[in-house]
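Here's the structure, in structure tokens; my notes come after.
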Number of protein chains: 2
Amino acid sequence: MEGVPEGHPRAVSLAARHVLVDGFKRGLVCEPGLIAQGRGEAFDYLLGERTNGFAKKAMEAAAATLLLGKSPVISVNGNMAAICPRGIVLLAREVGARIEANLFYRTDERVERVREALKEAGAREVLGGKGSGETKIPELFSERRRVSRKGIYSADVVLLALEDGDRTAALVRMKKKVIAIDLNPLSVTSQTATITVVDDISRAIPGICMAAERMRGKGRKELRAIAGGYDNKKNLGAALLAICRRMKELSKGMSRG
Amino acid sequence: MEGVPEGHPRAVSLAARHVLVDGFKRGLVCEPGLIAQGRGEAFDYLLGERTNGFAKKAMEAAAATLLLGKSPVISVNGNMAAICPRGIVLLAREVGARIEANLFYRTDERVERVREALKEAGAREVLGGKGSGETKIPELFSERRRVSRKGIYSADVVLLALEDGDRTAALVRMKKKVIAIDLNPLSVTSQTATITVVDDISRAIPGICMAAERMRGKGRKELRAIAGGYDNKKNLGAALLAICRRMKELSKGMSRG
């Protein structure tokens with residue numbers, strides 16, 4: 001793969017692609033993870049490749065919910081570990097969450113790679129994988145249902161990104177509050193989660209962390225007001241309308257061109 | 001990778017993902033090709049995963065333009081060879097086009113794999129690669145500019161898919177008619193090409209082939225009228241509006257839900 005030309009209009013997106021292909025070569029990311037990155041890129045492009053107002057609102061609600069959680073857990077897959085390992089570690093510290101390596105296309109080796117990447121980034125403990133006391137999510141089949149007993153299984157709040165829809169739905173049915181980072185406002189995960197941050201994980205993870213930092217002085221009552229005042233359906237509707245507006249603007253530009 | 005569950009609402013898209021990952025394992029597809037597939041998936045989803053009216057119009061114009069061409073060439077990359085090798089061979093026969101293996105992330109080995117896949121699918125001749133008389137496209141750098149002298153270099157009409165924008169623009173500057181298959185109506189390739197078919201290649205290639213079949217009896221005058229009456233800017237605008245309409249519909253469904 002060639003380097004990204006300087007001044008390229010889509011340099012950030014191209015750089016992210018490099019990071020992910022590198023993660024693939026290091027055994028962190030799997031083939032479907034590369035395809036998922038592409039889907040995200042397309043939606044990010046339609047959303048203007050920036051953090052929109054609706055994403056900021058969701059980040060605030062996510063930070064408050066994580067801070068209110070008794071046992072919050074950040075579920076980390078290969079793409080997340082490749083893109084923002086350090087951000088995950090900082091967010092976990094800020095909100096007092098545990099970190100669990102949890103893969104959809106699971107192999108023991110890849111779980112190990114993800115754990116290593118997070119430890120290199122400063123994580124003291126990473127749950128998930130062999131010997132971490134695994135159990136199963138009800139209703140899900142095959143390797144997808146394996147989770148850590150001390151982690152996702154017993155968590156009251158789970159933050160996840162680029163997650164399979166069935167798995168998100170199963171966690172919601174287990175009465176967990178699910179915070180999803182997903183660029184497709186129409187995905188089953190986006191529609192099912194308690195809070196959906198429609199933004200790229202490279203911006204969403206630090207964004208939630210900064211929101212939590214700003215909330216350091218706040219009491220539980222204030223945090224509950226922030227989390228309780230959030231409406232996910234309304235917020236996802238705003239994301240769809242933002243895409244629509246951008247399409248319309250761009251199509252006008254074209255018919256003039 | 002697990003099998004696609006029967007009756008899954010996105011079974012077709014998941015099956016395509018399997019085909020591509022398989023193509024990757026066979027050395028046809030490269031990592032950025034997997035990411036590109038994901039981008040296409042997202043746009044295809046927004047377009048309703050079907051051939052829309054604007055795509056049908058573009059297919060008609062594409063078929064007429066290929067039939068009118070003196071030396072039309074179909075440029076084939078790894079994704080195309082993985083997804084629809086047989087369709088490419090049938091289209092080439094129908095319109096009397098040559099086939100050239102031409103890769104953006106080029107290695108001699110991958111060119112060879114693409115040539116093999118096309119030959120297995122029935123192609124008698126596949127240009128491109130070592131020993132096929134290569135030359136260079138002006139203004140482009142590195143391996144991206146290598147093309148076959150008997151193929152793309154001397155072609156008057158080039159059909160390509162999932163192509164890099166700079167390369168599409170360079171071919172247009174060489175006064176070639178470029179037919180692009182691209183699911184992103186906003187990409188540089190879509191905006192630069194003479195005719196853009198905004199549809200998935202698995203539907204676009206057979207669609208153009210069928211349009212050409214229907215034109216078998218037509219004279220050059222009639223074909224020129226079809227090709228000449230086509231307006232690419234207008235057609236791309238229609239694609240953007242279709243995405244916008246679908247977003248709006250879906251967002252209404254959500255606020256009711």
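Chain labels A, B, ... are given in the sequence in which chains occur in the structure tokens; within each chain residues are numbered consecutively from 1, and ligands are likewise numbered from 1 in the order shown.
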Spatial neighbours of B:Ile99, max dist 8 Å, only C-alpha atoms, sep filter under 5 positions, as an NGL selection string
:B and (73-76 or 89 or 92 or 125-127 or 151)
May I have the residues of chain A within 10 Å of chain B, counting only C-alpha atoms, written as number ranges by chain?
A: 1-2, 17-18, 20-22, 24-25, 30-43, 45-46, 104-106, 142, 184-186, 191, 233-257
Selection: 10 Å around B:Ala121, only C-alpha atoms, excl. self and same-chain fewer than 4 positions, as a compact mmCIF listing (two decimals) with N, CA, C and O atoms, in the first residue's frame:
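Generated output (around07.txt):
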# COMPACT_ATOMS: atom_id res chain seq x y z
N ALA B 81 -13.05 -9.75 -10.36
CA ALA B 81 -12.72 -11.12 -10.73
C ALA B 81 -13.25 -12.11 -9.69
O ALA B 81 -13.60 -13.24 -10.01
N CYS B 84 -17.72 -11.58 -10.14
CA CYS B 84 -18.50 -11.90 -11.34
C CYS B 84 -17.63 -12.22 -12.55
O CYS B 84 -17.80 -11.61 -13.61
N PRO B 85 -16.70 -13.20 -12.45
CA PRO B 85 -15.82 -13.50 -13.58
C PRO B 85 -16.59 -13.95 -14.82
O PRO B 85 -16.30 -13.52 -15.93
N ARG B 86 -17.61 -14.78 -14.60
CA ARG B 86 -18.38 -15.31 -15.73
C ARG B 86 -19.18 -14.19 -16.43
O ARG B 86 -19.24 -14.13 -17.65
N GLY B 87 -19.75 -13.33 -15.63
CA GLY B 87 -20.51 -12.20 -16.18
C GLY B 87 -19.64 -11.30 -17.04
O GLY B 87 -20.07 -10.81 -18.09
N ILE B 88 -18.40 -11.10 -16.62
CA ILE B 88 -17.45 -10.28 -17.39
C ILE B 88 -17.17 -10.92 -18.75
O ILE B 88 -17.18 -10.26 -19.78
N VAL B 89 -16.94 -12.23 -18.73
CA VAL B 89 -16.64 -12.95 -19.98
C VAL B 89 -17.83 -12.86 -20.94
O VAL B 89 -17.67 -12.60 -22.14
N LEU B 90 -19.05 -13.04 -20.40
CA LEU B 90 -20.25 -13.00 -21.25
C LEU B 90 -20.47 -11.60 -21.82
O LEU B 90 -20.80 -11.45 -23.00
N ARG B 115 -6.01 -13.02 -13.87
CA ARG B 115 -6.02 -13.61 -15.23
C ARG B 115 -6.51 -15.05 -15.20
O ARG B 115 -7.33 -15.46 -16.02
N GLU B 116 -6.02 -15.81 -14.24
CA GLU B 116 -6.43 -17.22 -14.11
C GLU B 116 -7.94 -17.33 -13.87
O GLU B 116 -8.61 -18.17 -14.47
N ALA B 117 -8.44 -16.49 -12.93
CA ALA B 117 -9.87 -16.56 -12.59
C ALA B 117 -10.73 -16.28 -13.83
O ALA B 117 -11.75 -16.94 -14.04
Post-fit chain B coords, all in-order Cα pairs vs chain A, as a short mmCIF file (atom, residue, chain, number, x, y, z; two decimals) with C-alpha atoms, in the first residue's frame:
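Writing the result to superposed12.cif gives the following:
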data_model
loop_
_atom_site.label_atom_id
_atom_site.label_comp_id
_atom_site.auth_asym_id
_atom_site.auth_seq_id
_atom_site.Cartn_x
_atom_site.Cartn_y
_atom_site.Cartn_z
CA MET B 1 0.03 0.02 0.04
CA GLU B 2 1.35 3.42 -0.90
CA GLY B 3 1.57 6.37 1.53
CA VAL B 4 -1.25 8.90 1.68
CA PRO B 5 -0.41 11.87 -0.56
CA GLU B 6 -0.06 15.11 1.44
CA GLY B 7 -2.99 17.47 1.12
CA HIS B 8 -5.26 14.68 -0.14
CA PRO B 9 -8.86 15.72 0.55
CA ARG B 10 -9.62 12.42 2.27
CA ALA B 11 -6.26 12.06 4.07
CA VAL B 12 -7.80 11.26 7.47
CA SER B 13 -9.98 8.50 6.08
CA LEU B 14 -7.06 7.06 4.07
CA ALA B 15 -4.82 7.12 7.14
CA ALA B 16 -7.46 5.20 9.11
CA ARG B 17 -7.51 2.63 6.32
CA HIS B 18 -3.74 2.20 6.69
CA VAL B 19 -4.05 1.72 10.45
CA LEU B 20 -6.66 -0.97 9.93
CA VAL B 21 -4.76 -2.83 7.22
CA ASP B 22 -1.76 -2.73 9.54
CA GLY B 23 -3.97 -4.14 12.33
CA PHE B 24 -5.01 -6.89 9.94
CA LYS B 25 -1.39 -7.78 9.23
CA ARG B 26 -0.72 -7.84 12.98
CA GLY B 27 -3.53 -10.37 13.46
CA LEU B 28 -5.84 -8.01 15.37
CA VAL B 29 -8.40 -7.42 12.63
CA CYS B 30 -10.20 -10.12 10.62
CA GLU B 31 -11.38 -9.93 6.98
CA PRO B 32 -14.99 -9.06 7.88
CA GLY B 33 -13.51 -6.33 10.11
CA LEU B 34 -11.96 -4.72 7.03
CA ILE B 35 -15.33 -4.84 5.24
CA ALA B 36 -17.00 -3.31 8.31
CA GLN B 37 -14.47 -0.46 8.21
CA GLY B 38 -15.53 0.26 4.64
CA ARG B 39 -19.20 0.40 5.61
CA GLY B 40 -18.29 2.84 8.37
CA GLU B 41 -16.26 4.97 5.97
CA ALA B 42 -19.24 5.36 3.67
CA PHE B 43 -21.56 6.50 6.46
CA ASP B 44 -18.86 8.74 7.93
CA TYR B 45 -18.50 10.39 4.55
CA LEU B 46 -22.25 10.96 4.37
CA LEU B 47 -22.15 12.47 7.86
CA GLY B 48 -19.40 14.91 6.88
CA GLU B 49 -16.53 13.04 8.62
CA ARG B 50 -16.99 15.05 11.81
CA THR B 51 -18.72 14.83 15.18
CA ASN B 52 -22.25 16.12 14.66
CA GLY B 53 -24.53 17.64 17.29
CA PHE B 54 -26.53 14.44 17.75
CA ALA B 55 -23.29 12.52 18.41
CA LYS B 56 -22.22 15.07 21.03
CA LYS B 57 -25.55 14.65 22.83
CA ALA B 58 -25.18 10.87 22.78
CA MET B 59 -21.61 11.17 24.12
CA GLU B 60 -22.84 13.21 27.09
CA ALA B 61 -25.53 10.63 27.86
CA ALA B 62 -22.99 7.82 27.41
CA ALA B 63 -20.50 9.42 29.79
CA ALA B 64 -23.18 9.98 32.45
CA THR B 65 -24.46 6.39 32.07
CA LEU B 66 -20.95 4.94 32.39
CA LEU B 67 -20.27 7.07 35.50
CA LEU B 68 -23.57 5.95 37.06
CA GLY B 69 -22.88 2.27 36.31
CA LYS B 70 -22.02 -0.09 39.16
CA SER B 71 -19.97 -2.39 36.94
CA PRO B 72 -19.48 -0.80 33.51
CA VAL B 73 -17.53 -2.76 30.91
CA ILE B 74 -15.97 -1.70 27.61
CA SER B 75 -16.22 -4.56 25.10
CA VAL B 76 -13.29 -4.41 22.66
CA ASN B 77 -13.07 -6.08 19.25
CA GLY B 78 -10.22 -6.23 16.74
CA ASN B 79 -11.04 -3.01 14.91
CA MET B 80 -11.28 -1.05 18.18
CA ALA B 81 -7.98 -2.46 19.43
CA ALA B 82 -6.31 -1.53 16.13
CA ILE B 83 -7.73 1.99 15.92
CA CYS B 84 -7.82 3.41 19.46
CA PRO B 85 -6.23 1.15 22.14
CA ARG B 86 -4.92 4.09 24.15
CA GLY B 87 -8.25 5.92 24.04
CA ILE B 88 -10.00 2.81 25.39
CA VAL B 89 -7.57 2.56 28.31
CA LEU B 90 -8.00 6.26 29.16
CA LEU B 91 -11.79 6.05 28.97
CA ALA B 92 -11.85 2.93 31.17
CA ARG B 93 -9.78 4.78 33.81
CA GLU B 94 -11.92 7.93 33.64
CA VAL B 95 -15.22 6.12 34.22
CA GLY B 96 -13.93 3.18 36.28
CA ALA B 97 -14.84 0.54 33.67
CA ARG B 98 -13.36 -2.88 33.10
CA ILE B 99 -12.08 -3.84 29.66
CA GLU B 100 -13.05 -7.11 27.96
CA ALA B 101 -11.68 -8.46 24.69
CA ASN B 102 -14.75 -9.85 22.93
CA LEU B 103 -14.72 -10.90 19.30
CA PHE B 104 -17.50 -11.84 16.92
CA TYR B 105 -15.25 -13.91 14.64
CA ARG B 106 -13.43 -15.42 17.54
CA THR B 107 -10.18 -17.33 17.61
CA ASP B 108 -8.10 -17.78 20.75
CA GLU B 109 -5.13 -16.30 18.95
CA ARG B 110 -6.93 -13.14 17.93
CA VAL B 111 -8.32 -12.67 21.47
CA GLU B 112 -4.72 -12.89 22.67
CA ARG B 113 -3.59 -10.26 20.12
CA VAL B 114 -6.34 -7.88 21.22
CA ARG B 115 -5.40 -8.37 24.88
CA GLU B 116 -1.74 -7.69 24.09
CA ALA B 117 -2.54 -4.51 22.14
CA LEU B 118 -4.58 -3.18 25.07
CA LYS B 119 -1.89 -4.08 27.60
CA GLU B 120 0.75 -2.38 25.47
CA ALA B 121 -1.51 0.69 25.53
CA GLY B 122 -1.46 0.66 29.35
CA ALA B 123 -4.35 -1.59 30.42
CA ARG B 124 -3.64 -3.39 33.68
CA GLU B 125 -6.42 -5.94 33.33
CA VAL B 126 -8.11 -7.20 30.17
CA LEU B 127 -10.90 -9.74 30.61
CA GLY B 128 -11.97 -12.22 27.95
CA GLY B 129 -10.32 -15.27 26.49
CA LYS B 130 -9.18 -18.52 28.04
CA GLY B 131 -8.70 -18.61 31.78
CA SER B 132 -10.72 -15.45 32.44
CA GLY B 133 -13.79 -17.34 33.75
CA GLU B 134 -16.03 -17.45 30.74
CA THR B 135 -19.73 -18.10 30.57
CA LYS B 136 -22.46 -17.73 27.93
CA ILE B 137 -25.03 -15.15 26.86
CA PRO B 138 -28.46 -16.83 26.67
CA GLU B 139 -30.10 -17.24 23.24
CA LEU B 140 -26.94 -16.79 21.20
CA PHE B 141 -25.19 -19.58 19.37
CA SER B 142 -21.63 -20.73 18.84
CA GLU B 143 -18.57 -18.72 19.84
CA ARG B 144 -20.46 -15.44 19.69
CA ARG B 145 -22.06 -16.04 23.06
CA ARG B 146 -18.90 -16.45 25.12
CA VAL B 147 -18.33 -13.61 27.58
CA SER B 148 -16.37 -13.12 30.79
CA ARG B 149 -18.31 -13.77 34.02
CA LYS B 150 -16.57 -10.85 35.77
CA GLY B 151 -16.99 -8.66 32.68
CA ILE B 152 -19.86 -8.36 30.22
CA TYR B 153 -21.92 -11.11 31.88
CA SER B 154 -22.29 -9.28 35.19
CA ALA B 155 -22.01 -5.70 33.87
CA ASP B 156 -24.91 -3.27 34.22
CA VAL B 157 -23.54 -0.99 31.47
CA VAL B 158 -21.72 -2.23 28.36
CA LEU B 159 -20.02 0.04 25.84
CA LEU B 160 -19.43 -1.62 22.48
CA ALA B 161 -18.69 -0.61 18.89
CA LEU B 162 -19.22 -2.12 15.43
CA GLU B 163 -21.20 -4.89 17.10
CA ASP B 164 -23.41 -7.59 15.64
CA GLY B 165 -27.10 -6.71 15.99
CA ASP B 166 -28.21 -10.03 17.51
CA ARG B 167 -25.59 -9.76 20.21
CA THR B 168 -26.56 -6.19 21.05
CA ALA B 169 -30.21 -7.26 21.30
CA ALA B 170 -29.29 -10.19 23.58
CA LEU B 171 -27.44 -7.85 25.96
CA VAL B 172 -30.40 -5.46 26.05
CA ARG B 173 -32.73 -8.40 26.87
CA MET B 174 -30.38 -9.20 29.78
CA LYS B 175 -31.42 -5.72 31.12
CA LYS B 176 -28.03 -4.15 30.53
CA LYS B 177 -27.70 -0.56 29.40
CA VAL B 178 -25.91 -0.76 26.08
CA ILE B 179 -23.93 2.16 24.69
CA ALA B 180 -23.15 1.51 21.02
CA ILE B 181 -20.74 3.36 18.75
CA ASP B 182 -22.00 2.78 15.21
CA LEU B 183 -21.85 4.98 12.12
CA ASN B 184 -24.94 3.39 10.55
CA PRO B 185 -27.98 4.92 12.24
CA LEU B 186 -30.13 2.18 10.68
CA SER B 187 -28.23 -0.87 11.91
CA VAL B 188 -29.91 -3.28 14.33
CA THR B 189 -27.26 -2.38 16.91
CA SER B 190 -27.98 1.35 16.53
CA GLN B 191 -31.71 0.78 16.76
CA THR B 192 -31.52 -1.61 19.72
CA ALA B 193 -28.94 0.07 21.96
CA THR B 194 -29.89 2.29 24.90
CA ILE B 195 -27.59 5.04 23.62
CA THR B 196 -26.10 5.13 20.10
CA VAL B 197 -23.16 7.38 19.33
CA VAL B 198 -23.28 7.85 15.56
CA ASP B 199 -19.65 8.79 15.03
CA ASP B 200 -16.36 7.17 14.11
CA ILE B 201 -14.77 5.28 17.04
CA SER B 202 -11.55 7.31 16.62
CA ARG B 203 -13.59 10.41 17.61
CA ALA B 204 -16.27 8.78 19.76
CA ILE B 205 -14.00 7.13 22.35
CA PRO B 206 -12.03 10.33 23.19
CA GLY B 207 -15.27 12.31 22.92
CA ILE B 208 -16.98 10.19 25.61
CA CYS B 209 -13.82 10.38 27.73
CA MET B 210 -13.75 14.19 27.55
CA ALA B 211 -17.45 14.37 28.38
CA ALA B 212 -16.80 12.21 31.47
CA GLU B 213 -13.91 14.48 32.48
CA ARG B 214 -16.20 17.50 32.31
CA MET B 215 -18.65 15.67 34.62
CA ARG B 216 -16.10 15.04 37.35
CA GLY B 217 -17.65 17.50 39.80
CA LYS B 218 -21.25 16.45 39.20
CA GLY B 219 -23.35 14.47 41.68
CA ARG B 220 -25.39 11.34 40.81
CA LYS B 221 -28.60 13.34 40.65
CA GLU B 222 -27.19 15.60 37.97
CA LEU B 223 -25.79 12.64 36.04
CA ARG B 224 -29.17 10.90 36.20
CA ALA B 225 -30.81 14.00 34.74
CA ILE B 226 -28.39 13.96 31.79
CA ALA B 227 -28.82 10.23 31.13
CA GLY B 228 -32.60 10.33 31.69
CA GLY B 229 -33.15 13.31 29.40
CA TYR B 230 -31.65 11.52 26.42
CA ASP B 231 -33.92 10.11 23.67
CA ASN B 232 -32.17 7.60 21.40
CA LYS B 233 -34.92 7.30 18.76
CA LYS B 234 -35.05 11.07 18.37
CA ASN B 235 -31.28 11.26 18.15
CA LEU B 236 -31.09 8.55 15.46
CA GLY B 237 -33.78 10.37 13.51
CA ALA B 238 -31.60 13.49 13.61
CA ALA B 239 -28.67 11.49 12.21
CA LEU B 240 -30.78 10.25 9.28
CA LEU B 241 -31.99 13.76 8.54
CA ALA B 242 -28.39 15.03 8.60
CA ILE B 243 -27.44 12.46 5.93
CA CYS B 244 -30.48 13.46 3.92
CA ARG B 245 -29.68 17.17 4.13
CA ARG B 246 -26.11 16.55 2.99
CA MET B 247 -27.28 14.41 0.05
CA LYS B 248 -29.63 17.17 -1.03
CA GLU B 249 -26.97 19.86 -0.79
CA LEU B 250 -24.50 17.78 -2.74
CA SER B 251 -27.05 16.93 -5.43
CA LYS B 252 -27.80 20.64 -5.89
CA GLY B 253 -24.10 21.37 -6.30
CA MET B 254 -24.02 18.67 -8.97
CA SER B 255 -26.91 19.87 -11.08
CA ARG B 256 -25.28 23.32 -11.14
CA GLY B 257 -21.83 21.83 -11.97
#
DSSP strand (DSSP E or B) residues within stretch 42-246 of chain B, listed as number ranges by chain:
B: 72-76, 98-101, 127, 134-136, 146-148, 157-161, 177-181, 195-197
